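*Asks:* Okay, so here is my_file.pdb, and as you'll see once you scroll down, it has PDB, C-alpha atoms and all ligand atoms.
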ATOM      1  CA  MET K   1     103.307  79.908  58.367
ATOM      2  CA  VAL K   2     105.226  79.855  61.681
ATOM      3  CA  SER K   3     103.747  79.852  65.195
ATOM      4  CA  ALA K   4     105.484  80.214  68.539
ATOM      5  CA  TYR K   5     104.135  80.144  72.088
ATOM      6  CA  ALA K   6     105.617  81.841  75.167
ATOM      7  CA  PRO K   7     104.158  81.644  78.693
ATOM      8  CA  GLY K   8     103.347  84.511  81.001
ATOM      9  CA  LYS K   9     105.026  84.728  84.384
ATOM     10  CA  ALA K  10     104.366  85.509  88.008
ATOM     11  CA  ILE K  11     106.997  87.090  90.235
ATOM     12  CA  LEU K  12     107.334  85.244  93.542
ATOM     13  CA  PHE K  13     109.851  87.643  95.089
ATOM     14  CA  GLY K  14     111.774  90.751  94.141
ATOM     15  CA  GLU K  15     109.637  92.917  91.839
ATOM     16  CA  HIS K  16     110.886  96.514  91.670
ATOM     17  CA  ALA K  17     113.980  95.695  93.747
ATOM     18  CA  VAL K  18     115.329  93.751  90.736
ATOM     19  CA  VAL K  19     115.407  96.957  88.683
ATOM     20  CA  TYR K  20     118.129  98.142  91.119
ATOM     21  CA  GLY K  21     120.192  94.941  90.927
ATOM     22  CA  HIS K  22     118.580  92.996  93.796
ATOM     23  CA  PRO K  23     117.544  89.410  92.994
ATOM     24  CA  ALA K  24     114.083  88.366  91.814
ATOM     25  CA  ILE K  25     112.487  84.938  91.485
ATOM     26  CA  ALA K  26     109.691  84.258  89.020
ATOM     27  CA  VAL K  27     107.814  81.263  87.637
ATOM     28  CA  ALA K  28     106.389  80.641  84.193
ATOM     29  CA  ILE K  29     102.610  80.150  84.287
ATOM     30  CA  SER K  30     100.436  77.745  82.314
ATOM     31  CA  LYS K  31      98.929  80.370  80.003
ATOM     32  CA  GLY K  32     100.682  82.656  77.555
ATOM     33  CA  VAL K  33     100.822  84.251  74.138
ATOM     34  CA  THR K  34     100.895  82.617  70.691
ATOM     35  CA  VAL K  35     102.264  84.529  67.697
ATOM     36  CA  THR K  36     101.617  83.316  64.146
ATOM     37  CA  LEU K  37     103.490  84.792  61.180
ATOM     38  CA  SER K  38     102.437  84.326  57.542
ATOM     39  CA  LYS K  39     103.981  85.829  54.414
ATOM     40  CA  SER K  40     102.078  88.916  53.218
ATOM     41  CA  ASP K  41     102.389  92.055  51.045
ATOM     42  CA  SER K  42     102.775  94.381  54.023
ATOM     43  CA  TRP K  43     103.440  94.166  57.770
ATOM     44  CA  SER K  44     100.195  93.942  59.751
ATOM     45  CA  VAL K  45      99.099  93.008  63.278
ATOM     46  CA  GLU K  46      95.636  91.478  63.565
ATOM     47  CA  ASN K  47      94.832  92.780  60.051
ATOM     48  CA  ARG K  48      95.765  96.393  60.907
ATOM     49  CA  PRO K  49      98.952  98.042  59.635
ATOM     50  CA  LEU K  50     101.929  97.581  61.985
ATOM     51  CA  SER K  51     102.316 100.749  64.048
ATOM     52  CA  PRO K  52     105.615 101.449  65.906
ATOM     53  CA  SER K  53     103.730 103.349  68.631
ATOM     54  CA  ARG K  54     101.024 100.704  69.131
ATOM     55  CA  HIS K  55     103.392  97.728  68.747
ATOM     56  CA  PRO K  56     106.795  98.970  70.009
ATOM     57  CA  HIS K  57     108.075  95.494  70.952
ATOM     58  CA  ILE K  58     107.134  93.917  67.637
ATOM     59  CA  ASN K  59     108.470  96.821  65.604
ATOM     60  CA  TRP K  60     111.796  96.812  67.476
ATOM     61  CA  LEU K  61     112.242  93.060  66.949
ATOM     62  CA  ILE K  62     111.484  93.296  63.222
ATOM     63  CA  GLU K  63     114.118  96.034  62.868
ATOM     64  CA  LYS K  64     116.773  94.271  64.972
ATOM     65  CA  ASN K  65     116.262  91.008  63.076
ATOM     66  CA  CYS K  66     116.790  92.994  59.813
ATOM     67  CA  VAL K  67     113.589  91.616  58.259
ATOM     68  CA  THR K  68     111.761  94.895  57.535
ATOM     69  CA  ASP K  69     111.841  93.976  53.821
ATOM     70  CA  LYS K  70     110.135  90.584  54.365
ATOM     71  CA  PRO K  71     106.576  91.637  55.280
ATOM     72  CA  MET K  72     104.346  89.307  57.241
ATOM     73  CA  SER K  73     100.894  89.240  58.733
ATOM     74  CA  ILE K  74     101.113  88.811  62.539
ATOM     75  CA  LYS K  75      98.309  87.131  64.478
ATOM     76  CA  ILE K  76      98.393  87.158  68.279
ATOM     77  CA  SER K  77      96.294  85.156  70.703
ATOM     78  CA  SER K  78      96.661  85.484  74.446
ATOM     79  CA  GLY K  79      95.345  83.544  77.419
ATOM     80  CA  LEU K  80      96.679  86.193  79.832
ATOM     81  CA  PHE K  81      94.808  89.010  81.522
ATOM     82  CA  PRO K  82      95.974  92.168  79.677
ATOM     83  CA  ALA K  83      98.244  94.657  81.520
ATOM     84  CA  ALA K  84      97.924  92.574  84.668
ATOM     85  CA  GLY K  85     101.514  91.900  85.714
ATOM     86  CA  GLN K  86     101.498  88.498  83.992
ATOM     87  CA  GLY K  87     104.266  89.480  81.605
ATOM     88  CA  SER K  88     102.112  89.616  78.475
ATOM     89  CA  SER K  89     104.456  92.003  76.637
ATOM     90  CA  ALA K  90     107.459  89.816  77.527
ATOM     91  CA  ALA K  91     105.628  86.680  76.334
ATOM     92  CA  LEU K  92     104.646  88.485  73.130
ATOM     93  CA  SER K  93     108.271  89.568  72.550
ATOM     94  CA  VAL K  94     109.702  86.102  73.247
ATOM     95  CA  ALA K  95     107.146  84.344  70.991
ATOM     96  CA  MET K  96     107.698  86.952  68.270
ATOM     97  CA  GLN K  97     111.483  86.518  68.416
ATOM     98  CA  LEU K  98     111.224  82.699  68.248
ATOM     99  CA  ALA K  99     108.802  82.911  65.316
ATOM    100  CA  LEU K 100     110.992  85.442  63.466
ATOM    101  CA  SER K 101     114.093  83.237  63.872
ATOM    102  CA  ARG K 102     112.212  80.192  62.617
ATOM    103  CA  SER K 103     110.831  82.144  59.647
ATOM    104  CA  GLU K 104     114.467  82.936  58.758
ATOM    105  CA  GLY K 105     115.284  79.208  58.943
ATOM    106  CA  LEU K 106     117.342  79.620  62.133
ATOM    107  CA  PRO K 107     117.255  77.117  65.026
ATOM    108  CA  SER K 108     115.068  78.134  67.956
ATOM    109  CA  ASN K 109     117.264  79.442  70.746
ATOM    110  CA  PRO K 110     115.494  80.362  74.007
ATOM    111  CA  ILE K 111     118.475  82.341  75.357
ATOM    112  CA  GLU K 112     118.716  84.446  72.221
ATOM    113  CA  ALA K 113     114.929  84.961  72.395
ATOM    114  CA  ALA K 114     115.248  86.077  76.046
ATOM    115  CA  LEU K 115     118.040  88.541  75.229
ATOM    116  CA  PHE K 116     116.293  90.085  72.216
ATOM    117  CA  ALA K 117     112.971  90.257  74.052
ATOM    118  CA  HIS K 118     114.620  91.952  77.073
ATOM    119  CA  GLN K 119     116.027  94.702  74.829
ATOM    120  CA  ALA K 120     112.594  95.093  73.188
ATOM    121  CA  GLU K 121     110.980  95.470  76.648
ATOM    122  CA  ALA K 122     113.575  98.055  77.708
ATOM    123  CA  HIS K 123     112.999  99.971  74.480
ATOM    124  CA  ALA K 124     109.228 100.014  75.119
ATOM    125  CA  GLN K 125     109.658 100.895  78.841
ATOM    126  CA  SER K 126     111.697 104.115  78.402
ATOM    127  CA  GLY K 127     114.998 102.252  78.660
ATOM    128  CA  LEU K 128     114.514 100.599  82.069
ATOM    129  CA  ALA K 129     113.537  96.924  82.381
ATOM    130  CA  SER K 130     114.986  93.930  84.151
ATOM    131  CA  PRO K 131     115.222  90.640  82.223
ATOM    132  CA  THR K 132     112.952  88.850  84.748
ATOM    133  CA  ASP K 133     109.817  88.501  82.626
ATOM    134  CA  THR K 134     111.558  87.703  79.356
ATOM    135  CA  ALA K 135     113.996  85.180  80.904
ATOM    136  CA  THR K 136     111.206  83.365  82.762
ATOM    137  CA  SER K 137     108.977  83.241  79.698
ATOM    138  CA  SER K 138     111.824  81.836  77.580
ATOM    139  CA  MET K 139     113.228  79.310  80.036
ATOM    140  CA  GLY K 140     110.057  78.218  81.822
ATOM    141  CA  GLY K 141     110.071  76.697  85.320
ATOM    142  CA  CYS K 142     111.346  78.834  88.189
ATOM    143  CA  VAL K 143     114.053  81.387  87.445
ATOM    144  CA  VAL K 144     116.291  83.633  89.547
ATOM    145  CA  VAL K 145     117.635  86.930  88.225
ATOM    146  CA  SER K 146     120.292  88.898  90.101
ATOM    147  CA  ASN K 147     123.240  91.199  89.586
ATOM    148  CA  ASP K 148     125.307  88.552  91.383
ATOM    149  CA  LEU K 149     124.037  84.997  91.898
ATOM    150  CA  LYS K 150     126.837  84.522  94.504
ATOM    151  CA  GLY K 151     126.729  80.753  94.035
ATOM    152  CA  THR K 152     123.002  80.634  94.871
ATOM    153  CA  ALA K 153     122.161  79.198  91.421
ATOM    154  CA  GLU K 154     123.922  78.128  88.255
ATOM    155  CA  ARG K 155     124.141  80.911  85.662
ATOM    156  CA  THR K 156     122.456  80.104  82.344
ATOM    157  CA  PHE K 157     123.198  83.484  80.746
ATOM    158  CA  GLN K 158     123.877  87.121  81.510
ATOM    159  CA  ALA K 159     121.666  89.979  80.327
ATOM    160  CA  THR K 160     123.000  93.539  80.036
ATOM    161  CA  LEU K 161     121.352  96.878  79.457
ATOM    162  CA  GLU K 162     122.888 100.238  78.616
ATOM    163  CA  VAL K 163     121.357 102.882  80.907
ATOM    164  CA  PRO K 164     122.341 106.550  81.350
ATOM    165  CA  GLY K 165     124.654 105.726  84.320
ATOM    166  CA  GLY K 166     126.485 102.890  82.483
ATOM    167  CA  THR K 167     125.847  99.182  81.910
ATOM    168  CA  ARG K 168     123.534  97.099  84.108
ATOM    169  CA  ARG K 169     124.158  93.352  84.312
ATOM    170  CA  TRP K 170     121.933  90.551  85.519
ATOM    171  CA  ASP K 171     122.805  86.874  85.887
ATOM    172  CA  VAL K 172     119.933  84.508  85.069
ATOM    173  CA  GLY K 173     119.677  80.897  86.237
ATOM    174  CA  PRO K 174     117.135  78.176  87.005
ATOM    175  CA  VAL K 175     115.917  77.447  90.548
ATOM    176  CA  SER K 176     115.854  73.696  91.013
ATOM    177  CA  LEU K 177     114.237  72.117  94.027
ATOM    178  CA  GLN K 178     116.229  69.661  96.120
ATOM    179  CA  THR K 179     113.102  67.734  97.050
ATOM    180  CA  GLU K 180     110.880  65.182  95.342
ATOM    181  CA  GLU K 181     107.789  66.456  97.171
ATOM    182  CA  GLU K 182     104.982  67.737  94.912
ATOM    183  CA  PRO K 183     104.993  71.570  95.212
ATOM    184  CA  PRO K 184     101.854  73.515  96.140
ATOM    185  CA  VAL K 185      99.935  75.349  93.425
ATOM    186  CA  LEU K 186      99.813  79.031  92.568
ATOM    187  CA  VAL K 187      96.553  80.900  92.136
ATOM    188  CA  LEU K 188      96.604  84.332  90.517
ATOM    189  CA  GLY K 189      93.834  86.836  91.143
ATOM    190  CA  TYR K 190      93.265  89.703  88.711
ATOM    191  CA  SER K 191      92.026  92.844  90.461
ATOM    192  CA  GLY K 192      90.262  94.115  87.321
ATOM    193  CA  THR K 193      92.423  97.246  87.088
ATOM    194  CA  PRO K 194      95.337  97.311  84.657
ATOM    195  CA  SER K 195      98.814  97.906  86.061
ATOM    196  CA  GLN K 196     101.178 100.242  84.227
ATOM    197  CA  THR K 197     104.717  98.966  84.634
ATOM    198  CA  GLY K 198     106.513 102.085  83.346
ATOM    199  CA  LYS K 199     104.465 104.373  85.597
ATOM    200  CA  MET K 200     104.981 102.214  88.699
ATOM    201  CA  VAL K 201     108.735 101.844  88.076
ATOM    202  CA  SER K 202     109.022 105.665  87.778
ATOM    203  CA  MET K 203     106.867 106.141  90.894
ATOM    204  CA  VAL K 204     109.182 103.898  92.930
ATOM    205  CA  ALA K 205     112.249 105.726  91.542
ATOM    206  CA  ALA K 206     110.789 109.057  92.720
ATOM    207  CA  LEU K 207     109.772 107.605  96.101
ATOM    208  CA  ILE K 208     113.196 106.169  96.973
ATOM    209  CA  SER K 209     115.134 109.205  95.775
ATOM    210  CA  GLY K 210     113.804 111.324  98.644
ATOM    211  CA  ASP K 211     113.089 108.753 101.348
ATOM    212  CA  GLU K 212     115.669 106.529 103.064
ATOM    213  CA  ASP K 213     112.967 104.338 104.702
ATOM    214  CA  ARG K 214     111.452 103.480 101.334
ATOM    215  CA  LYS K 215     114.922 102.729  99.941
ATOM    216  CA  ARG K 216     115.380 100.358 102.890
ATOM    217  CA  ASP K 217     112.093  98.655 101.897
ATOM    218  CA  LEU K 218     113.621  97.839  98.516
ATOM    219  CA  ASP K 219     116.790  96.534 100.195
ATOM    220  CA  SER K 220     114.598  94.365 102.475
ATOM    221  CA  ILE K 221     112.842  92.923  99.423
ATOM    222  CA  GLY K 222     116.301  91.914  98.161
ATOM    223  CA  GLU K 223     117.083  90.168 101.485
ATOM    224  CA  LEU K 224     113.667  88.470 101.577
ATOM    225  CA  THR K 225     114.195  87.199  98.044
ATOM    226  CA  LEU K 226     117.429  85.468  99.084
ATOM    227  CA  MET K 227     115.594  83.916 102.056
ATOM    228  CA  GLY K 228     112.822  82.842  99.681
ATOM    229  CA  LEU K 229     115.384  81.206  97.394
ATOM    230  CA  VAL K 230     116.824  79.098 100.227
ATOM    231  CA  ALA K 231     113.305  78.085 101.335
ATOM    232  CA  LEU K 232     112.273  77.235  97.783
ATOM    233  CA  ARG K 233     115.268  75.069  97.026
ATOM    234  CA  SER K 234     114.718  72.979 100.121
ATOM    235  CA  GLY K 235     110.967  72.759  99.507
ATOM    236  CA  ALA K 236     110.203  74.541 102.811
ATOM    237  CA  TRP K 237     106.837  75.715 101.474
ATOM    238  CA  GLU K 238     105.569  77.265 104.710
ATOM    239  CA  ALA K 239     108.686  79.419 104.807
ATOM    240  CA  VAL K 240     108.181  80.302 101.131
ATOM    241  CA  GLY K 241     104.642  81.444 101.971
ATOM    242  CA  MET K 242     105.769  83.477 104.993
ATOM    243  CA  THR K 243     108.410  85.169 102.854
ATOM    244  CA  MET K 244     105.742  86.025 100.252
ATOM    245  CA  ASP K 245     103.651  87.663 103.005
ATOM    246  CA  ALA K 246     106.672  89.634 104.228
ATOM    247  CA  CYS K 247     107.469  90.762 100.682
ATOM    248  CA  HIS K 248     103.912  91.988 100.266
ATOM    249  CA  ASP K 249     104.241  94.151 103.403
ATOM    250  CA  LYS K 250     107.254  95.884 101.844
ATOM    251  CA  LEU K 251     105.501  96.341  98.483
ATOM    252  CA  ARG K 252     102.540  97.846 100.336
ATOM    253  CA  SER K 253     104.775 100.332 102.131
ATOM    254  CA  LEU K 254     106.123 101.327  98.710
ATOM    255  CA  ALA K 255     102.512 102.320  97.860
ATOM    256  CA  LEU K 256     102.221  99.576  95.221
ATOM    257  CA  SER K 257      99.107  97.837  96.563
ATOM    258  CA  THR K 258      95.502  98.916  96.008
ATOM    259  CA  PRO K 259      92.326  98.416  98.079
ATOM    260  CA  MET K 260      91.176  95.687  95.649
ATOM    261  CA  LEU K 261      94.505  93.825  95.828
ATOM    262  CA  GLU K 262      94.270  94.049  99.640
ATOM    263  CA  ASN K 263      90.709  92.607  99.509
ATOM    264  CA  LEU K 264      91.808  89.681  97.374
ATOM    265  CA  ILE K 265      94.862  88.992  99.540
ATOM    266  CA  SER K 266      92.802  89.070 102.760
ATOM    267  CA  ALA K 267      90.232  86.749 101.169
ATOM    268  CA  VAL K 268      92.798  84.049 100.321
ATOM    269  CA  ARG K 269      95.101  84.229 103.361
ATOM    270  CA  PRO K 270      93.098  81.705 105.490
ATOM    271  CA  HIS K 271      93.540  79.054 102.769
ATOM    272  CA  SER K 272      97.064  79.905 101.631
ATOM    273  CA  LEU K 273     100.662  79.420 102.703
ATOM    274  CA  GLY K 274     101.314  82.996 101.553
ATOM    275  CA  ALA K 275      99.928  85.731  99.311
ATOM    276  CA  LYS K 276     101.222  88.944  97.781
ATOM    277  CA  LEU K 277     100.757  91.304  94.880
ATOM    278  CA  THR K 278     102.794  90.201  91.870
ATOM    279  CA  GLY K 279     104.357  92.345  89.156
ATOM    280  CA  SER K 280     104.464  96.107  89.130
ATOM    281  CA  GLY K 281     101.326  96.659  91.266
ATOM    282  CA  GLY K 282      98.988  99.660  91.335
ATOM    283  CA  GLY K 283      96.415  97.165  89.976
ATOM    284  CA  GLY K 284      97.086  93.944  88.096
ATOM    285  CA  CYS K 285      97.311  90.652  89.979
ATOM    286  CA  MET K 286      97.943  89.120  93.358
ATOM    287  CA  MET K 287      99.102  85.548  93.809
ATOM    288  CA  ALA K 288      98.681  82.885  96.465
ATOM    289  CA  LEU K 289     100.637  79.702  97.193
ATOM    290  CA  THR K 290      98.286  76.982  98.341
ATOM    291  CA  TYR K 291      97.408  73.289  98.663
ATOM    292  CA  ASP K 292      93.729  74.201  98.243
ATOM    293  CA  ALA K 293      93.616  75.839  94.809
ATOM    294  CA  ASP K 294      89.868  75.494  94.229
ATOM    295  CA  ARG K 295      89.024  77.132  97.533
ATOM    296  CA  VAL K 296      91.473  79.982  96.918
ATOM    297  CA  ALA K 297      90.131  80.497  93.378
ATOM    298  CA  GLN K 298      86.582  80.580  94.779
ATOM    299  CA  SER K 299      87.606  83.138  97.442
ATOM    300  CA  ILE K 300      89.134  85.358  94.748
ATOM    301  CA  GLU K 301      85.992  85.208  92.602
ATOM    302  CA  MET K 302      83.741  85.871  95.605
ATOM    303  CA  ALA K 303      85.813  88.941  96.457
ATOM    304  CA  GLY K 304      85.258  90.267  92.913
ATOM    305  CA  GLY K 305      88.510  89.167  91.241
ATOM    306  CA  LYS K 306      89.231  86.770  88.372
ATOM    307  CA  ALA K 307      91.159  83.629  89.312
ATOM    308  CA  MET K 308      93.702  81.602  87.338
ATOM    309  CA  ILE K 309      95.158  78.379  88.736
ATOM    310  CA  THR K 310      98.647  77.442  87.549
ATOM    311  CA  PRO K 311     100.973  74.608  88.573
ATOM    312  CA  PHE K 312     104.214  75.665  90.264
ATOM    313  CA  PHE K 313     106.248  74.551  87.223
ATOM    314  CA  SER K 314     105.166  75.339  83.652
ATOM    315  CA  ASP K 315     107.072  74.936  80.382
ATOM    316  CA  GLY K 316     108.935  77.753  78.651
ATOM    317  CA  ALA K 317     108.655  79.138  75.139
ATOM    318  CA  ARG K 318     108.582  76.903  72.064
ATOM    319  CA  ILE K 319     107.874  76.756  68.375
ATOM    320  CA  ILE K 320     104.478  75.182  67.694
ATOM    321  CA  GLU K 321     105.255  72.542  65.100
ATOM    322  CA  PRO K 322     102.538  72.281  62.408
TER     323      PRO K 322
HETATM  324  O1  LIG M   1     105.380  94.296  84.110
HETATM  325  P1  LIG M   1     105.103  93.585  85.392
HETATM  326  O2  LIG M   1     103.923  94.083  86.078
HETATM  327  O3  LIG M   1     105.173  92.125  85.231
HETATM  328  O4  LIG M   1     106.316  93.994  86.405
HETATM  329  C1  LIG M   1     107.620  93.792  86.086
HETATM  330  C2  LIG M   1     108.452  93.770  87.307
HETATM  331  C3  LIG M   1     109.160  95.068  87.676
HETATM  332  O5  LIG M   1     110.170  94.682  88.614
HETATM  333  C4  LIG M   1     108.203  96.033  88.358
HETATM  334  C5  LIG M   1     109.803  95.773  86.485
HETATM  335  C6  LIG M   1     110.995  95.039  85.876
HETATM  336  O6  LIG M   1     111.408  95.472  84.776
HETATM  337  O7  LIG M   1     111.530  94.084  86.478
END
Will you turn the file into structure tokens for me?
Ligand code: PMV

*Replies:*
Amino acid sequence: MVSAYAPGKAILFGEHAVVYGHPAIAVAISKGVTVTLSKSDSWSVENRPLSPSRHPHINWLIEKNCVTDKPMSIKISSGLFPAAGQGSSAALSVAMQLALSRSEGLPSNPIEAALFAHQAEAHAQSGLASPTDTATSSMGGCVVVSNDLKGTAERTFQATLEVPGGTRRWDVGPVSLQTEEEPPVLVLGYSGTPSQTGKMVSMVAALISGDEDRKRDLDSIGELTLMGLVALRSGAWEAVGMTMDACHDKLRSLALSTPMLENLISAVRPHSLGAKLTGSGGGGCMMALTYDADRVAQSIEMAGGKAMITPFFSDGARIIEP
């Protein structure tokens, strides 16, 4: 039996813009997905036969690891809200890849897991996915993803994706803080409505193709992300919060917010350094940066959402040793 755990993630800056090569910054969160593999007579997921349409990520990884002839029973447990912009499919893919490698007797390699999981995500998302979720889940901590890090962070690896127009490339590196000060905490608030990444990515593609102002919103998100990176590295938390607020304004003008996300964000703003929707939007989660996590969590619950408190830095993916 082999088990692996991979955390979910929350995007601080840059969702959607990162699909077009702009930078994004995300953090691993303290909850995630555990995958357990045990030898069996046939491939199954939670005691039901493995189905390529229901489990596209898992099926793709089994094929690419060339283990279709070594059937296993797959058990999955998740502490994440489902389809909520917390990167549950990325965490599932990363944990699955780590567990598959270990079951083949190979050393666990978080970069390889990130690369395989990114391709699995792209396969499941009609060919278009940035490596943000998968890289953050694998590496843990705070991660920047960009088509050109321009010396803003050290590059840990490069992810590529073949798309109809050619090859897309993203550099991935850790964001390390140049301060000893304890960072504030993040509180996520689930709006109760699932968010559909593929649908929202396509919606933004359609929106920017006919509207220069909306395209400029995406470019602004890219600029704000670079400002956020400078603020983060120097531990200028008020500036980080203000940049989160500004990013949310742009995401809202791209029609990615919902009335419930707006309610939750308004409820937490008095107790937060900043708040924004996180992930693909159209539902899913918002997040707040705060020194008063309990109060923010209470405000989210009182406004009808579900709160999850997570430290600013959480560990990345790992094999769970028996
Ligand atoms: O799947 P979500 O909700 O975590 O959003 C992913 C972030 C996007 O930028 C919208 C898509 C991507 O592939 O980066």

*Asks:* Calculated over all atoms listed in the file, which of the candidates K:Trp43, K:Phe116, K:Tyr190, K:Phe157 has the smallest distance to Val67 (chain K)?

*Replies:* K:Trp43

*Asks:* Run the PyMOL selection byres (((chain K and resi 273-284) around 6) and not hetatm) against the file shown and list the residues it catches, as an mmCIF file with C-alpha atoms, keeping the file's coordinate frame.

*Replies:*
data_model
loop_
_atom_site.group_PDB
_atom_site.id
_atom_site.type_symbol
_atom_site.label_atom_id
_atom_site.label_comp_id
_atom_site.auth_asym_id
_atom_site.auth_seq_id
_atom_site.Cartn_x
_atom_site.Cartn_y
_atom_site.Cartn_z
ATOM 1 C CA ILE K 11 106.997 87.090 90.235
ATOM 2 C CA GLU K 15 109.637 92.917 91.839
ATOM 3 C CA ALA K 84 97.924 92.574 84.668
ATOM 4 C CA GLY K 85 101.514 91.900 85.714
ATOM 5 C CA TYR K 190 93.265 89.703 88.711
ATOM 6 C CA SER K 191 92.026 92.844 90.461
ATOM 7 C CA THR K 193 92.423 97.246 87.088
ATOM 8 C CA PRO K 194 95.337 97.311 84.657
ATOM 9 C CA SER K 195 98.814 97.906 86.061
ATOM 10 C CA THR K 197 104.717 98.966 84.634
ATOM 11 C CA GLU K 238 105.569 77.265 104.710
ATOM 12 C CA GLY K 241 104.642 81.444 101.971
ATOM 13 C CA MET K 242 105.769 83.477 104.993
ATOM 14 C CA MET K 244 105.742 86.025 100.252
ATOM 15 C CA ASP K 245 103.651 87.663 103.005
ATOM 16 C CA HIS K 248 103.912 91.988 100.266
ATOM 17 C CA LEU K 256 102.221 99.576 95.221
ATOM 18 C CA SER K 257 99.107 97.837 96.563
ATOM 19 C CA THR K 258 95.502 98.916 96.008
ATOM 20 C CA SER K 272 97.064 79.905 101.631
ATOM 21 C CA CYS K 285 97.311 90.652 89.979
ATOM 22 C CA MET K 286 97.943 89.120 93.358
ATOM 23 C CA MET K 287 99.102 85.548 93.809
ATOM 24 C CA ALA K 288 98.681 82.885 96.465
ATOM 25 C CA LEU K 289 100.637 79.702 97.193
ATOM 26 C CA THR K 290 98.286 76.982 98.341
#

*Asks:* Using all atoms listed in the file, which protein or nucleic acid residues come within 7 Å of Arg318 (chain K)? Drop anything in the same chain fewer than 4 positions from it, and give the result as a compact mmCIF listing (two decimals) with C-alpha atoms, in the frame of the given file.

*Replies:*
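Saved the output as result_16.txt:
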# COMPACT_ATOMS: atom_id res chain seq x y z
CA ALA K 4 105.48 80.21 68.54
CA TYR K 5 104.14 80.14 72.09
CA ALA K 6 105.62 81.84 75.17

*Asks:* On this file, the PyMOL selection byres (((chain K and resi 74) around 6) and not hetatm) gives some set of residues; write that set as a PyMOL selection string.

*Replies:* chain K and resi 36-37+44-45+73+75

*Asks:* Using all atoms listed in the file, which of the listed residues (K:Ser220, K:Val27, K:Glu212, K:Leu251) sits closest to Pro174 (chain K)?

*Replies:* K:Val27

*Asks:* Considering only C-alpha atoms and all ligand atoms, state which residue in the set K:Asp133, K:Glu223, K:Glu321, K:Asp41 is at the smallest distance from ligand LIG 1 (chain M).

*Replies:*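 Closest candidate: K:Asp133.
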
*Asks:* Looking at K:Ser138, K:Ser88, K:Ser40, K:Ser176, which one is nearest to Ser108 (chain K), with distances taken over all atoms listed in the file?

*Replies:* K:Ser138

*Asks:* Would you translate the PyMOL selection byres (((chain K and resi 222) around 12) and not hetatm) into the concrete set of residues it matches in this file, as JSON, numbers by chain?

*Replies:* {"K": [13, 14, 15, 16, 17, 18, 19, 20, 21, 22, 23, 24, 25, 144, 145, 146, 147, 148, 215, 216, 217, 218, 219, 220, 221, 223, 224, 225, 226, 227, 228, 229, 243, 246, 247, 250, 251]}

*Asks:* Can you write out the residues you just picked, keeping C-alpha atoms, as a PDB file, keeping the file's coordinate frame?

*Replies:*
ATOM      1  CA  PHE K  13     109.851  87.643  95.089  1.00  0.00           C
ATOM      2  CA  GLY K  14     111.774  90.751  94.141  1.00  0.00           C
ATOM      3  CA  GLU K  15     109.637  92.917  91.839  1.00  0.00           C
ATOM      4  CA  HIS K  16     110.886  96.514  91.670  1.00  0.00           C
ATOM      5  CA  ALA K  17     113.980  95.695  93.747  1.00  0.00           C
ATOM      6  CA  VAL K  18     115.329  93.751  90.736  1.00  0.00           C
ATOM      7  CA  VAL K  19     115.407  96.957  88.683  1.00  0.00           C
ATOM      8  CA  TYR K  20     118.129  98.142  91.119  1.00  0.00           C
ATOM      9  CA  GLY K  21     120.192  94.941  90.927  1.00  0.00           C
ATOM     10  CA  HIS K  22     118.580  92.996  93.796  1.00  0.00           C
ATOM     11  CA  PRO K  23     117.544  89.410  92.994  1.00  0.00           C
ATOM     12  CA  ALA K  24     114.083  88.366  91.814  1.00  0.00           C
ATOM     13  CA  ILE K  25     112.487  84.938  91.485  1.00  0.00           C
ATOM     14  CA  VAL K 144     116.291  83.633  89.547  1.00  0.00           C
ATOM     15  CA  VAL K 145     117.635  86.930  88.225  1.00  0.00           C
ATOM     16  CA  SER K 146     120.292  88.898  90.101  1.00  0.00           C
ATOM     17  CA  ASN K 147     123.240  91.199  89.586  1.00  0.00           C
ATOM     18  CA  ASP K 148     125.307  88.552  91.383  1.00  0.00           C
ATOM     19  CA  LYS K 215     114.922 102.729  99.941  1.00  0.00           C
ATOM     20  CA  ARG K 216     115.380 100.358 102.890  1.00  0.00           C
ATOM     21  CA  ASP K 217     112.093  98.655 101.897  1.00  0.00           C
ATOM     22  CA  LEU K 218     113.621  97.839  98.516  1.00  0.00           C
ATOM     23  CA  ASP K 219     116.790  96.534 100.195  1.00  0.00           C
ATOM     24  CA  SER K 220     114.598  94.365 102.475  1.00  0.00           C
ATOM     25  CA  ILE K 221     112.842  92.923  99.423  1.00  0.00           C
ATOM     26  CA  GLU K 223     117.083  90.168 101.485  1.00  0.00           C
ATOM     27  CA  LEU K 224     113.667  88.470 101.577  1.00  0.00           C
ATOM     28  CA  THR K 225     114.195  87.199  98.044  1.00  0.00           C
ATOM     29  CA  LEU K 226     117.429  85.468  99.084  1.00  0.00           C
ATOM     30  CA  MET K 227     115.594  83.916 102.056  1.00  0.00           C
ATOM     31  CA  GLY K 228     112.822  82.842  99.681  1.00  0.00           C
ATOM     32  CA  LEU K 229     115.384  81.206  97.394  1.00  0.00           C
ATOM     33  CA  THR K 243     108.410  85.169 102.854  1.00  0.00           C
ATOM     34  CA  ALA K 246     106.672  89.634 104.228  1.00  0.00           C
ATOM     35  CA  CYS K 247     107.469  90.762 100.682  1.00  0.00           C
ATOM     36  CA  LYS K 250     107.254  95.884 101.844  1.00  0.00           C
ATOM     37  CA  LEU K 251     105.501  96.341  98.483  1.00  0.00           C
TER      38      LEU K 251
END

*Asks:* Between atom C3 of ligand LIG 1 (chain M) and CA of Ser234 (chain K), what is the spacing in Å?

*Replies:*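 For CA of Ser234 (chain K) relative to atom C3 of ligand LIG 1 (chain M), the distance reads 26.0 Å.
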
*Asks:* What does the distance from CA of Pro7 (chain K) to atom P1 of ligand LIG 1 (chain M) come to in Å, to one decimal?

*Replies:*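 Calculated distance between CA of Pro7 (chain K) and atom P1 of ligand LIG 1 (chain M) is 13.7 Å.
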